[in-house]
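Some notes on the structure that comes next.
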Amino acid sequence: MKSQPCNVTTDSRGKEMIRHGTPMFPLACYDEDLRDYSVEWHWHEEFEFILVREGMLKVYVENDRICLRPGEGIFINSGVLHAAERMGEESGRYLSAVFHGRLVGGSADSVFWQKTVRPLMKDPELRYLLLKADDSWQKETADCVSHAWEAVAEERDDYENEARYQLTKALGIMNARRPASELHISGQDKRNAERMKAMLQYIEDHYAEEVTTADIAGSVSVSESVCLRCFRSVIGVTPIQYVKQYRLQRASELLLSTNMRSNEIAFRCGFSDISYFTRSFRELTGYTPVEYRRVRTGK
């Protein structure tokens, strides 16, 4: 089971649709470089560990922005809204292990689920946990994840059991050593996170159409002012700025994965003005759409 890139696709609730691993072995290991793209806002039932290898990574977890350097990592809990992008001009390469609690805990009535998985999933304050190289237990946790990732990527003999053992050990260390949360997550922040999941999915479903702030706000039955505050609080941009970013991201993917002409891609991604699309794309990437395709694919 080789490591692989991960493409984020979500359902009507903003939940990621991709299956990580298989029903029998619900773990997938990814080797990502965010030089040409970013990981969009999404959530999933699985736990996720991220370990930075090259460059610097900015990880967004609901209202928080976390900067990670090589050798550092982060654990993201089940059901938590998050995104990621590189920082600066260097590569943003990281390894990730995404796995369902069943891998470690088996069925929900098992002692392994109750003692190892449930305490993490049911902690309302534990959205994420940083893994720093200068903290002994955090480094030990990251080392376990790294060993699990390598076992899967290299398909070592009996790698399934080795990966399960290492990830079980990582969660066990976290349960035993993680500090009690000092940050109380307000009810308003929790409501905003849930609203964001639904509004981001609305944008994904309708980005090719004309989309207004009123449309986005209406998708979760709130006022435009509440919608604006929610976007600025969680993501840091206005709803319309995010729609533009999302359209450009979709356009860059189509430029690399299809032979469609750039004006066709523009219309498909919701841009009715080709010159505005070209100018916006250059502002984002430093290239026109045609240049971007040629530089990235050689075509």
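To be explicit about the labels: the chains of the structure tokens are called A, B, and onward in the order shown, and within each one the residues are counted from 1, while ligands get numbers from 1 in the order they are shown.
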
Could you name the residues that touch Val145 of chain A at 7 Å or less, counting only C-alpha atoms, but leaving out those on the same chain fewer than 4 positions away, as a CSV table (one decimal) with all heavy atoms, in the first residue's frame?
chain,number,residue,atom,x,y,z
A,141,THR,N,5.5,10.4,20.5
A,141,THR,CA,4.2,10.2,19.7
A,141,THR,C,4.5,10.3,18.2
A,141,THR,O,4.0,9.5,17.4
A,141,THR,CB,3.2,11.2,20.2
A,141,THR,OG1,3.0,11.1,21.6
A,141,THR,CG2,1.9,11.0,19.4
A,149,TRP,N,3.8,5.2,9.4
A,149,TRP,CA,3.8,5.6,8.0
A,149,TRP,C,4.8,4.9,7.2
A,149,TRP,O,4.5,4.4,6.0
A,149,TRP,CB,4.1,7.1,8.0
A,149,TRP,CG,3.8,7.8,6.7
A,149,TRP,CD1,2.7,8.5,6.3
A,149,TRP,CD2,4.7,7.8,5.5
A,149,TRP,NE1,2.8,9.0,5.1
A,149,TRP,CE2,4.0,8.6,4.5
A,149,TRP,CE3,5.9,7.3,5.3
A,149,TRP,CZ2,4.6,8.8,3.3
A,149,TRP,CZ3,6.5,7.5,4.0
A,149,TRP,CH2,5.8,8.3,3.0
A,166,GLN,N,1.8,0.8,16.3
A,166,GLN,CA,2.5,2.1,16.4
A,166,GLN,C,1.4,3.2,16.7
A,166,GLN,O,1.6,4.1,17.5
A,166,GLN,CB,3.3,2.4,15.2
A,166,GLN,CG,4.5,1.5,15.0
A,166,GLN,CD,5.6,1.8,16.1
A,166,GLN,OE1,5.6,2.7,16.9
A,166,GLN,NE2,6.6,0.9,16.1
A,167,LEU,N,0.3,3.1,16.0
A,167,LEU,CA,-0.7,4.2,16.1
A,167,LEU,C,-1.5,4.0,17.5
A,167,LEU,O,-1.8,5.0,18.1
A,167,LEU,CB,-1.7,4.2,15.0
A,167,LEU,CG,-1.1,4.6,13.6
A,167,LEU,CD1,-2.0,4.4,12.5
A,167,LEU,CD2,-0.6,6.1,13.7
A,170,ALA,N,0.8,5.5,19.9
A,170,ALA,CA,0.8,7.0,19.8
A,170,ALA,C,-0.5,7.5,20.6
A,170,ALA,O,-0.3,8.5,21.4
A,170,ALA,CB,0.7,7.4,18.4

Shell around Val80 of chain A at 8 Å using only C-alpha atoms, local window under 2 positions removed, as a compact mmCIF listing (two decimals) with N, CA and C atoms, in the first residue's frame:
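And here is the file that came out, out.txt:
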# COMPACT_ATOMS: atom_id res chain seq x y z
N TRP A 43 -13.57 18.26 6.91
CA TRP A 43 -13.50 17.48 8.15
C TRP A 43 -13.80 16.04 7.82
N HIS A 44 -13.44 15.15 8.72
CA HIS A 44 -13.70 13.73 8.52
C HIS A 44 -13.78 13.03 9.86
N VAL A 61 -7.04 25.21 12.07
CA VAL A 61 -7.96 24.34 12.79
C VAL A 61 -9.03 25.24 13.39
N GLU A 62 -10.19 25.27 12.71
CA GLU A 62 -11.27 26.18 13.10
C GLU A 62 -10.71 27.59 13.27
N ILE A 76 -4.95 15.99 14.66
CA ILE A 76 -6.25 16.63 14.46
C ILE A 76 -7.33 15.62 14.81
N ASN A 77 -8.21 16.00 15.70
CA ASN A 77 -9.21 15.07 16.21
C ASN A 77 -10.31 14.80 15.19
N SER A 78 -11.06 13.76 15.43
CA SER A 78 -12.20 13.39 14.60
C SER A 78 -13.24 14.50 14.58
N HIS A 82 -10.64 21.68 9.31
CA HIS A 82 -9.25 22.10 9.18
C HIS A 82 -8.85 22.29 7.72
N ARG A 127 -9.41 19.73 20.10
CA ARG A 127 -9.52 19.82 18.64
C ARG A 127 -8.23 19.36 17.96

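Nearest to Glu46 of chain A of all the residues A:Leu81, A:Cys67, A:Cys144, A:Glu224 is A:Leu81, based on only C-alpha atoms.
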
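Computed from the coordinates, the atom CA of Lys197 of chain A to atom CA of Val234 of chain A distance equals 10.6 Å.
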
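Omitting Asp33 of chain A and its sequence neighbours fewer than 6 positions away, and counting only C-alpha atoms, the residues within 12 Å are Gln4, Pro5, Cys6, Val39, Leu51, Val52, Arg53, Glu54, Gly55, Met56, Leu57, Ala84, Glu85, Arg86, Met87, Glu90, Ser91, Gly92, Arg93, Tyr94, Leu95 and Ser96 of chain A.
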
Can you pull out every residue within 12 Å of His147 of chain A, counting only C-alpha atoms, but drop anything in the same chain fewer than 3 positions away, and send it as a short mmCIF file (atom, residue, chain, number, x, y, z; two decimals) with C-alpha atoms, in the first residue's frame?
data_model
loop_
_atom_site.label_atom_id
_atom_site.label_comp_id
_atom_site.auth_asym_id
_atom_site.auth_seq_id
_atom_site.Cartn_x
_atom_site.Cartn_y
_atom_site.Cartn_z
CA CYS A 29 -0.72 7.33 4.42
CA LEU A 51 4.39 15.48 10.25
CA LEU A 95 3.51 13.14 5.69
CA SER A 96 0.09 12.32 7.05
CA ALA A 97 -1.63 9.27 8.49
CA GLU A 140 7.78 9.86 21.05
CA THR A 141 4.24 10.19 19.72
CA ALA A 142 5.49 11.62 16.42
CA ASP A 143 8.10 8.84 16.15
CA CYS A 144 5.35 6.22 16.50
CA GLU A 150 7.03 4.03 6.90
CA ALA A 151 5.72 0.52 7.48
CA VAL A 152 2.69 1.18 5.26
CA ALA A 153 4.57 3.11 2.58
CA GLU A 154 7.28 0.43 2.31
CA GLU A 155 4.78 -2.45 2.62
CA ARG A 156 6.95 -4.24 5.13
CA TYR A 159 2.86 -3.91 7.99
CA GLU A 160 -0.81 -3.84 9.00
CA ASN A 161 -0.05 -5.10 12.50
CA GLU A 162 3.01 -2.87 12.84
CA ALA A 163 1.07 0.23 11.79
CA ARG A 164 -1.79 -0.61 14.13
CA TYR A 165 0.62 -1.18 17.01
CA GLN A 166 2.47 2.09 16.44
CA LEU A 167 -0.71 4.17 16.14
CA THR A 168 -2.22 2.49 19.20
CA LYS A 169 0.95 3.37 21.08
CA ALA A 170 0.76 6.98 19.84
#

Taking the DSSP secondary structure from the backbone, can you list the residues of segment 151-284 of chain A that are helix (DSSP H, G or I), as an MDAnalysis selection string? chainID A and resid 151:154 159:177 187:206 213:218 224:234 239:257 262:268 274:284

Take the residues from that selection and put them in a file with C-alpha atoms, as a CSV table (one decimal), in the first residue's frame.
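For reference, result38.csv as written:
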chain,number,residue,atom,x,y,z
A,151,ALA,CA,5.7,0.5,7.5
A,152,VAL,CA,2.7,1.2,5.3
A,153,ALA,CA,4.6,3.1,2.6
A,154,GLU,CA,7.3,0.4,2.3
A,159,TYR,CA,2.9,-3.9,8.0
A,160,GLU,CA,-0.8,-3.8,9.0
A,161,ASN,CA,-0.1,-5.1,12.5
A,162,GLU,CA,3.0,-2.9,12.8
A,163,ALA,CA,1.1,0.2,11.8
A,164,ARG,CA,-1.8,-0.6,14.1
A,165,TYR,CA,0.6,-1.2,17.0
A,166,GLN,CA,2.5,2.1,16.4
A,167,LEU,CA,-0.7,4.2,16.1
A,168,THR,CA,-2.2,2.5,19.2
A,169,LYS,CA,0.9,3.4,21.1
A,170,ALA,CA,0.8,7.0,19.8
A,171,LEU,CA,-2.8,7.4,21.0
A,172,GLY,CA,-2.0,5.7,24.3
A,173,ILE,CA,0.9,8.2,24.9
A,174,MET,CA,-1.4,11.1,24.2
A,175,ASN,CA,-4.1,9.8,26.5
A,176,ALA,CA,-1.6,9.4,29.3
A,177,ARG,CA,0.4,12.6,28.9
A,187,GLY,CA,-20.6,27.7,22.4
A,188,GLN,CA,-20.4,30.5,19.8
A,189,ASP,CA,-17.2,29.1,18.4
A,190,LYS,CA,-18.7,25.7,18.2
A,191,ARG,CA,-21.8,27.0,16.4
A,192,ASN,CA,-19.6,28.9,14.0
A,193,ALA,CA,-17.6,25.8,13.2
A,194,GLU,CA,-20.7,23.9,12.4
A,195,ARG,CA,-22.1,26.7,10.2
A,196,MET,CA,-18.8,26.9,8.4
A,197,LYS,CA,-19.0,23.2,7.5
A,198,ALA,CA,-22.4,23.7,5.9
A,199,MET,CA,-21.5,27.0,4.2
A,200,LEU,CA,-18.2,25.7,2.7
A,201,GLN,CA,-20.2,22.8,1.3
A,202,TYR,CA,-22.7,25.2,-0.3
A,203,ILE,CA,-19.9,27.0,-2.0
A,204,GLU,CA,-18.4,23.7,-3.3
A,205,ASP,CA,-21.9,22.7,-4.7
A,206,HIS,CA,-22.5,26.1,-6.4
A,213,THR,CA,-23.1,36.5,0.5
A,214,ALA,CA,-26.9,36.3,0.9
A,215,ASP,CA,-27.0,32.9,-0.8
A,216,ILE,CA,-24.3,31.6,1.4
A,217,ALA,CA,-25.9,33.0,4.6
A,218,GLY,CA,-29.3,31.6,3.5
A,224,GLU,CA,-25.4,38.3,6.0
A,225,SER,CA,-23.7,40.0,8.9
A,226,VAL,CA,-23.5,36.7,10.9
A,227,CYS,CA,-22.2,35.0,7.8
A,228,LEU,CA,-19.4,37.7,7.4
A,229,ARG,CA,-18.4,37.4,11.0
A,230,CYS,CA,-18.3,33.7,10.8
A,231,PHE,CA,-16.0,33.7,7.8
A,232,ARG,CA,-13.7,36.3,9.2
A,233,SER,CA,-13.5,34.6,12.5
A,234,VAL,CA,-12.8,31.0,11.2
A,239,PRO,CA,-17.3,34.8,1.9
A,240,ILE,CA,-16.9,36.2,-1.6
A,241,GLN,CA,-13.1,36.3,-1.3
A,242,TYR,CA,-13.3,32.6,-0.4
A,243,VAL,CA,-15.5,31.8,-3.4
A,244,LYS,CA,-12.9,33.5,-5.6
A,245,GLN,CA,-10.1,31.5,-4.0
A,246,TYR,CA,-12.0,28.2,-4.3
A,247,ARG,CA,-12.8,28.9,-8.0
A,248,LEU,CA,-9.1,29.6,-8.8
A,249,GLN,CA,-8.1,26.4,-6.9
A,250,ARG,CA,-10.5,24.4,-9.0
A,251,ALA,CA,-9.2,26.1,-12.2
A,252,SER,CA,-5.6,25.3,-11.3
A,253,GLU,CA,-6.6,21.6,-10.9
A,254,LEU,CA,-8.4,21.5,-14.2
A,255,LEU,CA,-5.4,23.1,-16.0
A,256,LEU,CA,-3.1,20.3,-14.7
A,257,SER,CA,-5.5,17.4,-15.1
A,262,SER,CA,-8.4,28.1,-20.3
A,263,ASN,CA,-11.5,30.1,-21.3
A,264,GLU,CA,-13.6,27.0,-21.0
A,265,ILE,CA,-12.1,26.3,-17.6
A,266,ALA,CA,-12.9,29.9,-16.6
A,267,PHE,CA,-16.5,29.5,-17.4
A,268,ARG,CA,-16.7,26.1,-15.8
A,274,ILE,CA,-11.9,36.0,-19.1
A,275,SER,CA,-9.6,39.0,-18.5
A,276,TYR,CA,-10.6,39.1,-14.8
A,277,PHE,CA,-10.0,35.3,-14.5
A,278,THR,CA,-6.5,35.7,-16.1
A,279,ARG,CA,-5.6,38.6,-13.9
A,280,SER,CA,-6.8,36.9,-10.8
A,281,PHE,CA,-5.0,33.7,-11.6
A,282,ARG,CA,-1.8,35.6,-12.2
A,283,GLU,CA,-2.2,37.3,-8.8
A,284,LEU,CA,-2.6,33.9,-7.1

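Coordinates place atom CA of Lys122 of chain A at a distance of 28.8 Å from atom CA of Asp31 of chain A.
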
What gap, in Å, lies between atom CA of His100 of chain A and atom CA of Tyr60 of chain A? 21.1 Å

Quick one: pick out all strand (DSSP E or B) residues within segment 74-116 of chain A from a backbone DSSP run and write them as a list of chain:residue names. A:Ile74, A:Phe75, A:Ile76, A:His82, A:Ala83, A:Ala84, A:Glu85, A:Arg86, A:Met87, A:Arg93, A:Tyr94, A:Leu95, A:Ser96, A:Ala97, A:Val98, A:Phe99
